file model.json (JSON, C-alpha atoms)
[["chain", "number", "residue", "atom", "x", "y", "z"],
["W", 222, "MET", "CA", -11.48, -106.08, -76.96],
["W", 223, "LYS", "CA", -13.64, -103.18, -78.12],
["W", 224, "SER", "CA", -12.12, -99.70, -77.97],
["W", 225, "SER", "CA", -15.54, -98.04, -78.20],
["W", 226, "HIS", "CA", -19.15, -98.75, -77.29],
["W", 227, "GLU", "CA", -22.45, -97.58, -78.74],
["W", 228, "ILE", "CA", -24.94, -95.98, -76.37],
["W", 229, "LEU", "CA", -28.32, -94.32, -76.78],
["W", 230, "ILE", "CA", -28.29, -90.57, -76.09],
["W", 231, "ILE", "CA", -30.51, -87.52, -76.49],
["W", 232, "ARG", "CA", -28.91, -84.79, -78.58],
["W", 233, "THR", "CA", -30.08, -81.21, -78.82],
["W", 234, "LYS", "CA", -29.05, -78.76, -81.54],
["W", 235, "ASP", "CA", -30.57, -75.44, -82.47],
["W", 236, "GLY", "CA", -33.66, -76.24, -80.44],
["W", 237, "GLU", "CA", -34.16, -79.63, -82.07],
["W", 238, "VAL", "CA", -34.17, -82.76, -79.86],
["W", 239, "GLU", "CA", -33.43, -86.24, -81.18],
["W", 240, "GLU", "CA", -32.63, -89.68, -79.81],
["W", 241, "ILE", "CA", -29.57, -91.20, -81.53],
["W", 242, "THR", "CA", -26.88, -93.84, -81.08],
["W", 243, "ASP", "CA", -23.46, -92.42, -80.22],
["W", 244, "LYS", "CA", -19.99, -93.95, -79.84],
["W", 245, "VAL", "CA", -17.97, -93.45, -76.65],
["W", 246, "ALA", "CA", -14.42, -94.52, -75.83],
["W", 247, "ALA", "CA", -14.14, -97.70, -73.75],
["W", 248, "GLU", "CA", -12.39, -97.53, -70.38],
["W", 249, "ILE", "CA", -11.22, -100.43, -68.21],
["W", 250, "GLY", "CA", -8.96, -101.09, -65.24],
["W", 251, "PHE", "CA", -5.81, -102.80, -66.51],
["W", 252, "SER", "CA", -3.59, -104.75, -64.09],
["W", 253, "LEU", "CA", 0.13, -105.23, -64.65],
["W", 254, "ILE", "CA", 1.80, -108.19, -62.94],
["W", 255, "VAL", "CA", 5.59, -108.49, -62.93],
["W", 256, "ASN", "CA", 7.22, -111.72, -61.74],
["W", 257, "ASP", "CA", 3.96, -112.70, -60.00],
["W", 258, "ARG", "CA", 3.64, -109.34, -58.22],
["W", 259, "GLN", "CA", 0.82, -106.96, -59.07],
["W", 260, "VAL", "CA", 2.60, -103.70, -59.80],
["W", 261, "VAL", "CA", -0.19, -101.31, -60.67],
["W", 262, "THR", "CA", -3.70, -100.94, -62.04],
["W", 263, "LEU", "CA", -4.17, -98.27, -64.70],
["W", 264, "LEU", "CA", -7.30, -96.90, -66.35],
["W", 265, "CYS", "CA", -6.99, -97.18, -70.11],
["W", 266, "THR", "CA", -8.54, -98.11, -73.44],
["W", 267, "PRO", "CA", -8.71, -101.93, -73.79],
["W", 268, "ALA", "CA", -6.37, -102.27, -76.77],
["W", 269, "GLU", "CA", -2.66, -103.06, -77.15],
["W", 270, "LEU", "CA", -2.42, -103.88, -73.44],
["W", 271, "ASP", "CA", 0.68, -106.02, -73.88],
["W", 272, "ALA", "CA", 2.44, -103.14, -75.64],
["W", 273, "MET", "CA", 1.36, -100.72, -72.92],
["W", 274, "ALA", "CA", 2.72, -103.03, -70.23],
["W", 275, "ILE", "CA", 6.10, -103.21, -71.95],
["W", 276, "GLY", "CA", 6.16, -99.48, -72.64],
["W", 277, "PHE", "CA", 5.30, -98.70, -69.03],
["W", 278, "LEU", "CA", 8.15, -100.91, -67.77],
["W", 279, "LEU", "CA", 10.60, -99.33, -70.23],
["W", 280, "SER", "CA", 9.52, -95.84, -69.22],
["W", 281, "GLU", "CA", 9.88, -96.69, -65.53],
["W", 282, "GLY", "CA", 13.36, -98.08, -66.09],
["W", 283, "LEU", "CA", 12.36, -101.58, -64.90],
["W", 284, "LEU", "CA", 12.90, -103.20, -68.31],
["W", 285, "LYS", "CA", 16.39, -102.52, -69.62],
["W", 286, "ASN", "CA", 16.72, -104.58, -72.81],
["W", 287, "ARG", "CA", 15.30, -107.50, -74.78],
["W", 288, "GLU", "CA", 17.46, -110.02, -72.89],
["W", 289, "SER", "CA", 15.68, -109.04, -69.67],
["W", 290, "LEU", "CA", 12.22, -109.83, -71.10],
["W", 291, "LEU", "CA", 11.47, -113.53, -70.60],
["W", 292, "GLY", "CA", 7.75, -113.52, -71.30],
["W", 293, "VAL", "CA", 4.54, -111.52, -71.82],
["W", 294, "LYS", "CA", 1.07, -113.00, -71.35],
["W", 295, "LEU", "CA", -2.20, -111.16, -71.95],
["W", 296, "ASP", "CA", -5.46, -112.29, -70.34],
["W", 297, "GLU", "CA", -8.22, -110.52, -72.26],
["W", 298, "LYS", "CA", -10.95, -111.71, -69.90],
["W", 299, "THR", "CA", -9.44, -110.08, -66.81],
["W", 300, "TYR", "CA", -7.57, -107.26, -68.58],
["W", 301, "THR", "CA", -4.32, -108.47, -67.06],
["W", 302, "VAL", "CA", -0.81, -108.61, -68.49],
["W", 303, "SER", "CA", 1.76, -110.80, -66.77],
["W", 304, "VAL", "CA", 5.39, -109.99, -67.55],
["W", 305, "THR", "CA", 8.37, -112.10, -66.55],
["W", 306, "LEU", "CA", 11.71, -110.30, -66.25],
["W", 307, "ALA", "CA", 15.13, -111.85, -65.78],
["W", 308, "ASP", "CA", 16.19, -109.19, -63.32],
["W", 309, "LEU", "CA", 14.49, -106.73, -61.00],
["W", 310, "PRO", "CA", 16.03, -104.07, -58.75],
["W", 311, "GLU", "CA", 16.78, -105.27, -55.23],
["W", 312, "ASP", "CA", 14.59, -102.48, -53.81],
["W", 313, "ILE", "CA", 11.68, -103.31, -56.08],
["W", 314, "ASP", "CA", 9.13, -103.43, -53.25],
["W", 315, "ALA", "CA", 10.12, -99.96, -52.11],
["W", 316, "THR", "CA", 9.93, -98.76, -55.72],
["W", 317, "PHE", "CA", 6.40, -100.10, -56.13],
["W", 318, "HIS", "CA", 5.23, -98.37, -52.98],
["W", 319, "LYS", "CA", 6.87, -95.05, -53.86],
["W", 320, "LYS", "CA", 4.39, -93.88, -56.45],
["W", 321, "THR", "CA", 3.47, -90.46, -57.84],
["W", 322, "ILE", "CA", -0.01, -89.55, -59.04],
["W", 323, "THR", "CA", 0.66, -87.75, -62.31],
["W", 324, "SER", "CA", -1.22, -85.04, -64.15],
["W", 325, "GLY", "CA", -2.31, -87.55, -66.81],
["W", 326, "CYS", "CA", -5.90, -88.44, -67.63],
["W", 327, "GLY", "CA", -7.31, -91.07, -65.31],
["W", 328, "ARG", "CA", -4.87, -90.19, -62.49],
["W", 329, "GLY", "CA", -1.84, -91.80, -64.06],
["W", 330, "ILE", "CA", 0.83, -93.36, -61.88],
["W", 331, "THR", "CA", 4.59, -93.28, -62.17],
["W", 332, "PHE", "CA", 7.20, -94.90, -59.94],
["W", 333, "SER", "CA", 10.06, -93.01, -61.57],
["W", 334, "ASP", "CA", 12.11, -90.63, -59.53],
["W", 335, "ALA", "CA", 13.05, -87.73, -61.82],
["W", 336, "ALA", "CA", 16.33, -87.42, -59.94],
["W", 337, "ASN", "CA", 17.37, -90.77, -61.45],
["W", 338, "LEU", "CA", 17.36, -89.15, -64.88],
["W", 339, "LYS", "CA", 20.44, -87.16, -63.86],
["W", 340, "ASN", "CA", 22.50, -90.31, -64.42],
["W", 341, "LEU", "CA", 21.59, -90.29, -68.12],
["W", 342, "GLU", "CA", 23.82, -88.53, -70.64],
["W", 343, "PRO", "CA", 22.15, -85.68, -72.56],
["W", 344, "ASN", "CA", 20.69, -86.80, -75.87],
["W", 345, "LYS", "CA", 23.20, -86.03, -78.66],
["W", 346, "SER", "CA", 21.20, -87.42, -81.56],
["W", 347, "THR", "CA", 21.84, -85.76, -84.92],
["W", 348, "THR", "CA", 18.26, -86.37, -86.09],
["W", 349, "ARG", "CA", 16.99, -83.36, -88.05],
["W", 350, "VAL", "CA", 13.60, -82.26, -89.40],
["W", 351, "THR", "CA", 12.34, -79.18, -91.27],
["W", 352, "PRO", "CA", 9.19, -77.18, -90.46],
["W", 353, "ALA", "CA", 7.71, -78.33, -93.78],
["W", 354, "GLU", "CA", 8.31, -81.98, -92.86],
["W", 355, "ILE", "CA", 6.71, -81.36, -89.45],
["W", 356, "ARG", "CA", 3.60, -79.94, -91.11],
["W", 357, "VAL", "CA", 3.29, -83.01, -93.33],
["W", 358, "LEU", "CA", 3.75, -85.36, -90.36],
["W", 359, "MET", "CA", 1.15, -83.54, -88.26],
["W", 360, "GLN", "CA", -1.35, -83.62, -91.13],
["W", 361, "GLU", "CA", -0.85, -87.39, -91.48],
["W", 362, "PHE", "CA", -1.05, -87.74, -87.69],
["W", 363, "ARG", "CA", -4.48, -86.09, -87.54],
["W", 364, "SER", "CA", -5.85, -88.06, -90.47],
["W", 365, "ILE", "CA", -5.28, -91.54, -88.98],
["W", 366, "SER", "CA", -6.87, -90.97, -85.58],
["W", 367, "GLU", "CA", -9.92, -93.16, -86.25],
["W", 368, "LEU", "CA", -10.93, -93.73, -82.62],
["W", 369, "PHE", "CA", -10.78, -90.01, -81.88],
["W", 370, "MET", "CA", -12.87, -89.22, -84.95],
["W", 371, "ALA", "CA", -15.44, -91.81, -83.81],
["W", 372, "THR", "CA", -15.58, -90.82, -80.13],
["W", 373, "GLY", "CA", -13.74, -87.52, -79.58],
["W", 374, "GLY", "CA", -12.51, -89.01, -76.32],
["W", 375, "VAL", "CA", -8.94, -90.27, -76.78],
["W", 376, "HIS", "CA", -5.36, -89.08, -77.21],
["W", 377, "SER", "CA", -2.94, -90.20, -79.91],
["W", 378, "ALA", "CA", 0.80, -90.79, -80.17],
["W", 379, "ALA", "CA", 2.92, -91.70, -83.18],
["W", 380, "LEU", "CA", 6.51, -92.64, -83.93],
["W", 381, "ALA", "CA", 7.84, -91.05, -87.10],
["W", 382, "ASP", "CA", 10.79, -89.83, -89.11],
["W", 383, "ILE", "CA", 10.99, -87.57, -92.16],
["W", 384, "ARG", "CA", 9.67, -90.42, -94.35],
["W", 385, "GLY", "CA", 6.39, -90.62, -92.44],
["W", 386, "ILE", "CA", 4.66, -92.32, -89.50],
["W", 387, "HIS", "CA", 5.84, -95.83, -88.56],
["W", 388, "LEU", "CA", 3.67, -96.62, -85.52],
["W", 389, "PHE", "CA", 0.48, -95.15, -84.07],
["W", 390, "SER", "CA", -1.46, -95.67, -80.81],
["W", 391, "GLU", "CA", -4.55, -94.23, -79.15],
["W", 392, "ASP", "CA", -5.82, -94.27, -75.56],
["W", 393, "ILE", "CA", -7.99, -92.28, -73.17],
["W", 394, "GLY", "CA", -4.75, -91.28, -71.42],
["W", 395, "ARG", "CA", -2.03, -89.39, -73.28],
["W", 396, "HIS", "CA", 0.66, -91.09, -71.16],
["W", 397, "ASN", "CA", -0.89, -94.50, -71.94],
["W", 398, "ALA", "CA", -0.79, -93.73, -75.66],
["W", 399, "VAL", "CA", 2.93, -92.96, -75.38],
["W", 400, "ASP", "CA", 3.60, -96.15, -73.40],
["W", 401, "LYS", "CA", 1.70, -98.23, -75.98],
["W", 402, "LEU", "CA", 3.77, -96.67, -78.74],
["W", 403, "ILE", "CA", 7.09, -97.30, -76.97],
["W", 404, "GLY", "CA", 6.08, -100.88, -76.18],
["W", 405, "LYS", "CA", 5.03, -101.58, -79.78],
["W", 406, "ALA", "CA", 8.38, -100.28, -81.06],
["W", 407, "PHE", "CA", 10.27, -102.46, -78.57],
["W", 408, "LEU", "CA", 8.31, -105.62, -79.41],
["W", 409, "ALA", "CA", 8.75, -104.97, -83.14],
["W", 410, "SER", "CA", 12.48, -104.23, -82.72],
["W", 411, "ILE", "CA", 12.04, -100.75, -84.17],
["W", 412, "PRO", "CA", 14.69, -98.35, -82.82],
["W", 413, "VAL", "CA", 13.39, -95.10, -81.34],
["W", 414, "LYS", "CA", 16.68, -93.26, -80.81],
["W", 415, "ASP", "CA", 16.52, -91.68, -84.28],
["W", 416, "LYS", "CA", 12.76, -91.07, -84.35],
["W", 417, "ILE", "CA", 10.28, -88.28, -83.62],
["W", 418, "LEU", "CA", 7.43, -88.69, -81.12],
["W", 419, "LEU", "CA", 4.17, -86.99, -82.10],
["W", 420, "SER", "CA", 1.55, -86.35, -79.42],
["W", 421, "SER", "CA", -1.97, -84.96, -79.44],
["W", 422, "GLY", "CA", -1.84, -83.97, -75.79],
["W", 423, "ARG", "CA", -0.16, -81.65, -73.33],
["W", 424, "ILE", "CA", 3.53, -82.43, -72.76],
["W", 425, "SER", "CA", 3.96, -82.65, -69.00],
["W", 426, "GLY", "CA", 6.85, -83.77, -66.84],
["W", 427, "GLU", "CA", 5.89, -87.46, -66.81],
["W", 428, "ILE", "CA", 5.59, -87.53, -70.60],
["W", 429, "MET", "CA", 9.04, -86.00, -70.92],
["W", 430, "THR", "CA", 10.57, -88.57, -68.55],
["W", 431, "LYS", "CA", 9.32, -91.30, -70.91],
["W", 432, "VAL", "CA", 10.94, -89.50, -73.84],
["W", 433, "ILE", "CA", 14.22, -89.02, -71.97],
["W", 434, "ARG", "CA", 14.48, -92.55, -70.62],
["W", 435, "ASN", "CA", 13.79, -94.07, -74.04],
["W", 436, "ARG", "CA", 16.30, -91.72, -75.71],
["W", 437, "ILE", "CA", 13.84, -90.16, -78.18],
["W", 438, "PRO", "CA", 15.46, -86.94, -79.49],
["W", 439, "ILE", "CA", 12.42, -84.93, -80.66],
["W", 440, "ILE", "CA", 8.87, -84.62, -79.35],
["W", 441, "ILE", "CA", 6.20, -82.59, -81.14],
["W", 442, "SER", "CA", 2.72, -81.80, -79.84],
["W", 443, "ARG", "CA", -0.34, -79.98, -81.14],
["W", 444, "THR", "CA", -0.74, -78.45, -77.68],
["W", 445, "ALA", "CA", 1.30, -76.94, -74.86],
["W", 446, "PRO", "CA", 4.22, -78.13, -72.75],
["W", 447, "THR", "CA", 4.50, -77.49, -69.02],
["W", 448, "CYS", "CA", 7.35, -75.66, -67.30],
["W", 449, "MET", "CA", 8.66, -78.94, -65.86],
["W", 450, "SER", "CA", 8.75, -80.66, -69.24],
["W", 451, "ILE", "CA", 10.67, -77.73, -70.74],
["W", 452, "THR", "CA", 13.23, -77.87, -67.93],
["W", 453, "TYR", "CA", 13.67, -81.64, -68.32],
["W", 454, "ALA", "CA", 14.00, -81.31, -72.11],
["W", 455, "GLU", "CA", 16.61, -78.56, -71.83],
["W", 456, "ASP", "CA", 18.65, -80.51, -69.28],
["W", 457, "HIS", "CA", 18.57, -83.79, -71.23],
["W", 458, "GLY", "CA", 19.10, -82.65, -74.81],
["W", 459, "VAL", "CA", 15.56, -83.18, -76.11],
["W", 460, "THR", "CA", 14.05, -80.95, -78.78],
["W", 461, "LEU", "CA", 10.56, -79.94, -77.63],
["W", 462, "VAL", "CA", 8.07, -78.44, -80.10],
["W", 463, "GLY", "CA", 4.57, -77.38, -79.10],
["W", 464, "PHE", "CA", 1.50, -75.86, -80.78],
["W", 465, "ALA", "CA", 2.44, -77.50, -84.09],
["W", 466, "ARG", "CA", -0.68, -76.57, -86.03],
["W", 467, "GLY", "CA", -0.87, -75.54, -89.67],
["W", 468, "GLY", "CA", 1.98, -73.16, -90.45],
["W", 469, "ARG", "CA", 2.94, -72.39, -86.85],
["W", 470, "MET", "CA", 4.89, -74.07, -84.06],
["W", 471, "ASN", "CA", 6.79, -73.10, -80.91],
["W", 472, "ILE", "CA", 10.31, -74.50, -80.42],
["W", 473, "TYR", "CA", 11.09, -74.55, -76.70],
["W", 474, "THR", "CA", 14.40, -76.39, -76.43],
["W", 475, "HIS", "CA", 17.38, -77.51, -78.54],
["W", 476, "PRO", "CA", 16.36, -75.85, -81.82],
["W", 477, "GLN", "CA", 19.44, -77.19, -83.63],
["W", 478, "ARG", "CA", 17.40, -80.21, -84.76],
["W", 479, "ILE", "CA", 14.87, -78.01, -86.58],
["W", 480, "VAL", "CA", 16.38, -77.07, -89.94],
["W", 481, "PHE", "CA", 14.93, -73.91, -91.47],
["W", 482, "GLU", "CA", 14.90, -73.62, -95.24],
["W", 483, "LYS", "CA", 17.11, -70.85, -96.60],
["W", 484, "ASN", "CA", 15.38, -68.13, -98.62]]

call {"tool": "encode", "arguments": {"input": "model.json", "output": "structure tokens"}}
result
Amino acid sequence: MKSSHEILIIRTKDGEVEEITDKVAAEIGFSLIVNDRQVVTLLCTPAELDAMAIGFLLSEGLLKNRESLLGVKLDEKTYTVSVTLADLPEDIDATFHKKTITSGCGRGITFSDAANLKNLEPNKSTTRVTPAEIRVLMQEFRSISELFMATGGVHSAALADIRGIHLFSEDIGRHNAVDKLIGKAFLASIPVKDKILLSSGRISGEIMTKVIRNRIPIIISRTAPTCMSITYAEDHGVTLVGFARGGRMNIYTHPQRIVFEKN
């Protein structure tokens, strides 16, 4: 499945006009089927669809643990992923019909009710990182975004610790990139509870619910958070860092995980 396509365009620059071949990000409609029921269709980049399906179910609270996952099948011809779970909530039909159109690219969808997050204990992870380590991670993060460099049309997400980046995903939707990342970690049995999530995009409420539900203690973005994401992060013990560019960053919540070097 190609993540980009070449098209013929006309480019103008400084009064000069030329016909060239350009790369654009691919976009498809991806269907997720759970226990023979079509749950949702999402617009996304046609790559790592099985990981995105698993990440989406984890972020929605429908997949609890590895024992619940009985099977995952990807059909590349129809862009469909069929997931078989051992258990589903009794009110699953009502859950599927109670959907929220999010602020994500491509009109993202979430079934999660933020009120359900109140049942989760605040994150008490002792994970720590220094500003210098954040700068190194963000430099590495930017350097491996091949699809963005080719098309300029995707978001990126990465799972890291102070040693470096462990997993990386890209998609036209920032929420999709996060779901792909979470799904890849789950399928590879890589724990996320002691990791840092890096994001290229705006941190909104639906992104923060994914972080909270998957117990990730720190999220760092090159751009801005929203008021809702800050409130969620404060309430649930998540360290939220925005505008992490070069030598600057804004720490919005739970700064105890950011260790400043002593002069």

call {"tool": "atom_distance", "arguments": {"input": "model.json", "atom1": "atom CA of W:Ile228", "atom2": "atom CA of W:Lys298"}}
result
22.0 Å

call {"tool": "closest_residue", "arguments": {"input": "model.json", "among": "W:Glu342, W:Asp415, W:Glu482, W:Glu227", "to": "W:Ala246", "atoms": "all atoms listed in the file"}}
result
W:Glu227

call {"tool": "closest_residue", "arguments": {"input": "model.json", "among": "W:Glu281, W:Glu354, W:Glu248, W:Asp243", "to": "W:Gly468", "atoms": "all atoms listed in the file"}}
result
W:Glu354

call {"tool": "atom_distance", "arguments": {"input": "model.json", "atom1": "atom CA of W:Gly250", "atom2": "atom CA of W:Gly292"}}
result
21.7 Å

call {"tool": "residues_around", "arguments": {"input": "model.json", "residues": "W:Gly458", "least_positions_apart": "2", "cutoff": "10 Å", "atoms": "only C-alpha atoms", "output": "list in words"}}
result
Glu342, Pro343, Asn344, Lys345, Ser346, Ile433, Arg436, Ile437, Pro438, Ile439, Tyr453, Ala454, Glu455, Asp456, Thr460, Leu461, Thr474 and His475 of chain W

call {"tool": "residues_around", "arguments": {"input": "model.json", "residues": "W:Val357", "least_positions_apart": "2", "cutoff": "10 Å", "atoms": "all atoms listed in the file", "output": "number ranges by chain"}}
result
W: 352-355, 359-362, 383-385, 467

call {"tool": "closest_residue", "arguments": {"input": "model.json", "among": "W:Phe481, W:Arg434, W:Val459, W:Ile428", "to": "W:Asn340", "atoms": "all atoms listed in the file"}}
result
W:Arg434

call {"tool": "residues_around", "arguments": {"input": "model.json", "residues": "W:Ser450", "least_positions_apart": "2", "cutoff": "7 Å", "atoms": "all atoms listed in the file", "output": "mmCIF file with C-alpha atoms, in the frame of the given file"}}
result
data_model
loop_
_atom_site.group_PDB
_atom_site.id
_atom_site.type_symbol
_atom_site.label_atom_id
_atom_site.label_comp_id
_atom_site.auth_asym_id
_atom_site.auth_seq_id
_atom_site.Cartn_x
_atom_site.Cartn_y
_atom_site.Cartn_z
ATOM 1 C CA ILE W 424 3.530 -82.430 -72.760
ATOM 2 C CA SER W 425 3.960 -82.650 -69.000
ATOM 3 C CA GLY W 426 6.850 -83.770 -66.840
ATOM 4 C CA MET W 429 9.040 -86.000 -70.920
ATOM 5 C CA PRO W 446 4.220 -78.130 -72.750
ATOM 6 C CA THR W 447 4.500 -77.490 -69.020
ATOM 7 C CA CYS W 448 7.350 -75.660 -67.300
ATOM 8 C CA THR W 452 13.230 -77.870 -67.930
ATOM 9 C CA TYR W 453 13.670 -81.640 -68.320
ATOM 10 C CA ALA W 454 14.000 -81.310 -72.110
#

call {"tool": "atom_distance", "arguments": {"input": "model.json", "atom1": "atom CA of W:Ser377", "atom2": "atom CA of W:Ala268"}}
result
12.9 Å

call {"tool": "closest_residue", "arguments": {"input": "model.json", "among": "W:Met370, W:Val399, W:Ile441, W:Leu418", "to": "W:Ile386", "atoms": "all atoms listed in the file"}}
result
W:Leu418

call {"tool": "residues_around", "arguments": {"input": "model.json", "residues": "W:His226", "least_positions_apart": "2", "cutoff": "8 Å", "atoms": "all atoms listed in the file", "output": "ChimeraX atom specification"}}
result
/W:223-224,228,244-247

call {"tool": "residues_around", "arguments": {"input": "model.json", "residues": "W:Ile417", "least_positions_apart": "5", "cutoff": "6 Å", "atoms": "all atoms listed in the file", "output": "PyMOL selection string"}}
result
chain W and resi 380-382+439-440

call {"tool": "closest_residue", "arguments": {"input": "model.json", "among": "W:Ala398, W:Leu306, W:Leu358, W:Val293", "to": "W:Cys265", "atoms": "only C-alpha atoms"}}
result
W:Ala398

call {"tool": "residues_near_point", "arguments": {"input": "model.json", "point": "(9.3, -103.5, -82.8)", "cutoff": "12 Å", "atoms": "only C-alpha atoms", "output": "number ranges by chain"}}
result
W: 272, 275-276, 287, 380, 387-388, 401-413

call {"tool": "write_last_selection", "arguments": {"input": "model.json", "atoms": "C-alpha atoms", "output": "CSV table (one decimal), in the frame of the given file"}}
result
chain,number,residue,atom,x,y,z
W,272,ALA,CA,2.4,-103.1,-75.6
W,275,ILE,CA,6.1,-103.2,-72.0
W,276,GLY,CA,6.2,-99.5,-72.6
W,287,ARG,CA,15.3,-107.5,-74.8
W,380,LEU,CA,6.5,-92.6,-83.9
W,387,HIS,CA,5.8,-95.8,-88.6
W,388,LEU,CA,3.7,-96.6,-85.5
W,401,LYS,CA,1.7,-98.2,-76.0
W,402,LEU,CA,3.8,-96.7,-78.7
W,403,ILE,CA,7.1,-97.3,-77.0
W,404,GLY,CA,6.1,-100.9,-76.2
W,405,LYS,CA,5.0,-101.6,-79.8
W,406,ALA,CA,8.4,-100.3,-81.1
W,407,PHE,CA,10.3,-102.5,-78.6
W,408,LEU,CA,8.3,-105.6,-79.4
W,409,ALA,CA,8.8,-105.0,-83.1
W,410,SER,CA,12.5,-104.2,-82.7
W,411,ILE,CA,12.0,-100.8,-84.2
W,412,PRO,CA,14.7,-98.4,-82.8
W,413,VAL,CA,13.4,-95.1,-81.3

call {"tool": "closest_residue", "arguments": {"input": "model.json", "among": "W:Phe277, W:Glu239, W:Lys294, W:Lys414", "to": "W:Thr347", "atoms": "all atoms listed in the file"}}
result
W:Lys414

call {"tool": "decode", "arguments": {"input": "model.json", "residues": "stretch 456-471 of chain W", "atoms": "N, CA, C and O atoms", "output": "PDB file, in the first residue's frame"}}
result
ATOM      1  N   ASP W 456      -5.740  17.013  35.475  1.00  0.00           N
ATOM      2  CA  ASP W 456      -6.592  16.147  36.287  1.00  0.00           C
ATOM      3  C   ASP W 456      -6.072  14.714  36.371  1.00  0.00           C
ATOM      4  O   ASP W 456      -6.318  14.025  37.368  1.00  0.00           O
ATOM      5  N   HIS W 457      -5.350  14.252  35.339  1.00  0.00           N
ATOM      6  CA  HIS W 457      -4.978  12.839  35.260  1.00  0.00           C
ATOM      7  C   HIS W 457      -3.474  12.588  35.403  1.00  0.00           C
ATOM      8  O   HIS W 457      -3.003  11.488  35.124  1.00  0.00           O
ATOM      9  N   GLY W 458      -2.740  13.585  35.846  1.00  0.00           N
ATOM     10  CA  GLY W 458      -1.340  13.365  36.170  1.00  0.00           C
ATOM     11  C   GLY W 458      -0.406  13.239  34.987  1.00  0.00           C
ATOM     12  O   GLY W 458       0.647  12.602  35.092  1.00  0.00           O
ATOM     13  N   VAL W 459      -0.754  13.842  33.862  1.00  0.00           N
ATOM     14  CA  VAL W 459       0.080  13.768  32.660  1.00  0.00           C
ATOM     15  C   VAL W 459       0.909  15.041  32.527  1.00  0.00           C
ATOM     16  O   VAL W 459       0.396  16.154  32.697  1.00  0.00           O
ATOM     17  N   THR W 460       2.179  14.888  32.209  1.00  0.00           N
ATOM     18  CA  THR W 460       3.043  16.034  31.944  1.00  0.00           C
ATOM     19  C   THR W 460       2.890  16.426  30.481  1.00  0.00           C
ATOM     20  O   THR W 460       3.158  15.634  29.577  1.00  0.00           O
ATOM     21  N   LEU W 461       2.449  17.657  30.251  1.00  0.00           N
ATOM     22  CA  LEU W 461       2.182  18.156  28.904  1.00  0.00           C
ATOM     23  C   LEU W 461       3.167  19.274  28.567  1.00  0.00           C
ATOM     24  O   LEU W 461       3.246  20.284  29.263  1.00  0.00           O
ATOM     25  N   VAL W 462       3.930  19.059  27.487  1.00  0.00           N
ATOM     26  CA  VAL W 462       4.912  20.039  27.026  1.00  0.00           C
ATOM     27  C   VAL W 462       4.573  20.426  25.594  1.00  0.00           C
ATOM     28  O   VAL W 462       4.381  19.560  24.734  1.00  0.00           O
ATOM     29  N   GLY W 463       4.493  21.714  25.334  1.00  0.00           N
ATOM     30  CA  GLY W 463       4.207  22.198  23.992  1.00  0.00           C
ATOM     31  C   GLY W 463       5.289  23.139  23.488  1.00  0.00           C
ATOM     32  O   GLY W 463       6.157  23.574  24.248  1.00  0.00           O
ATOM     33  N   PHE W 464       5.235  23.454  22.203  1.00  0.00           N
ATOM     34  CA  PHE W 464       6.183  24.362  21.551  1.00  0.00           C
ATOM     35  C   PHE W 464       7.635  23.969  21.836  1.00  0.00           C
ATOM     36  O   PHE W 464       8.485  24.834  22.083  1.00  0.00           O
ATOM     37  N   ALA W 465       7.900  22.658  21.790  1.00  0.00           N
ATOM     38  CA  ALA W 465       9.264  22.162  22.016  1.00  0.00           C
ATOM     39  C   ALA W 465      10.055  22.306  20.728  1.00  0.00           C
ATOM     40  O   ALA W 465      10.055  21.423  19.875  1.00  0.00           O
ATOM     41  N   ARG W 466      10.696  23.435  20.581  1.00  0.00           N
ATOM     42  CA  ARG W 466      11.446  23.752  19.360  1.00  0.00           C
ATOM     43  C   ARG W 466      12.781  24.382  19.746  1.00  0.00           C
ATOM     44  O   ARG W 466      12.802  25.364  20.501  1.00  0.00           O
ATOM     45  N   GLY W 467      13.857  23.820  19.254  1.00  0.00           N
ATOM     46  CA  GLY W 467      15.167  24.377  19.553  1.00  0.00           C
ATOM     47  C   GLY W 467      15.422  24.400  21.049  1.00  0.00           C
ATOM     48  O   GLY W 467      15.287  23.397  21.740  1.00  0.00           O
ATOM     49  N   GLY W 468      15.739  25.583  21.582  1.00  0.00           N
ATOM     50  CA  GLY W 468      16.037  25.696  23.005  1.00  0.00           C
ATOM     51  C   GLY W 468      14.865  26.117  23.861  1.00  0.00           C
ATOM     52  O   GLY W 468      15.047  26.436  25.038  1.00  0.00           O
ATOM     53  N   ARG W 469      13.646  26.111  23.303  1.00  0.00           N
ATOM     54  CA  ARG W 469      12.489  26.552  24.078  1.00  0.00           C
ATOM     55  C   ARG W 469      11.463  25.455  24.203  1.00  0.00           C
ATOM     56  O   ARG W 469      11.412  24.506  23.414  1.00  0.00           O
ATOM     57  N   MET W 470      10.601  25.571  25.197  1.00  0.00           N
ATOM     58  CA  MET W 470       9.455  24.685  25.385  1.00  0.00           C
ATOM     59  C   MET W 470       8.562  25.292  26.453  1.00  0.00           C
ATOM     60  O   MET W 470       9.026  26.050  27.320  1.00  0.00           O
ATOM     61  N   ASN W 471       7.281  24.977  26.408  1.00  0.00           N
ATOM     62  CA  ASN W 471       6.325  25.392  27.432  1.00  0.00           C
ATOM     63  C   ASN W 471       5.847  24.161  28.185  1.00  0.00           C
ATOM     64  O   ASN W 471       5.355  23.207  27.568  1.00  0.00           O
TER      65      ASN W 471
END
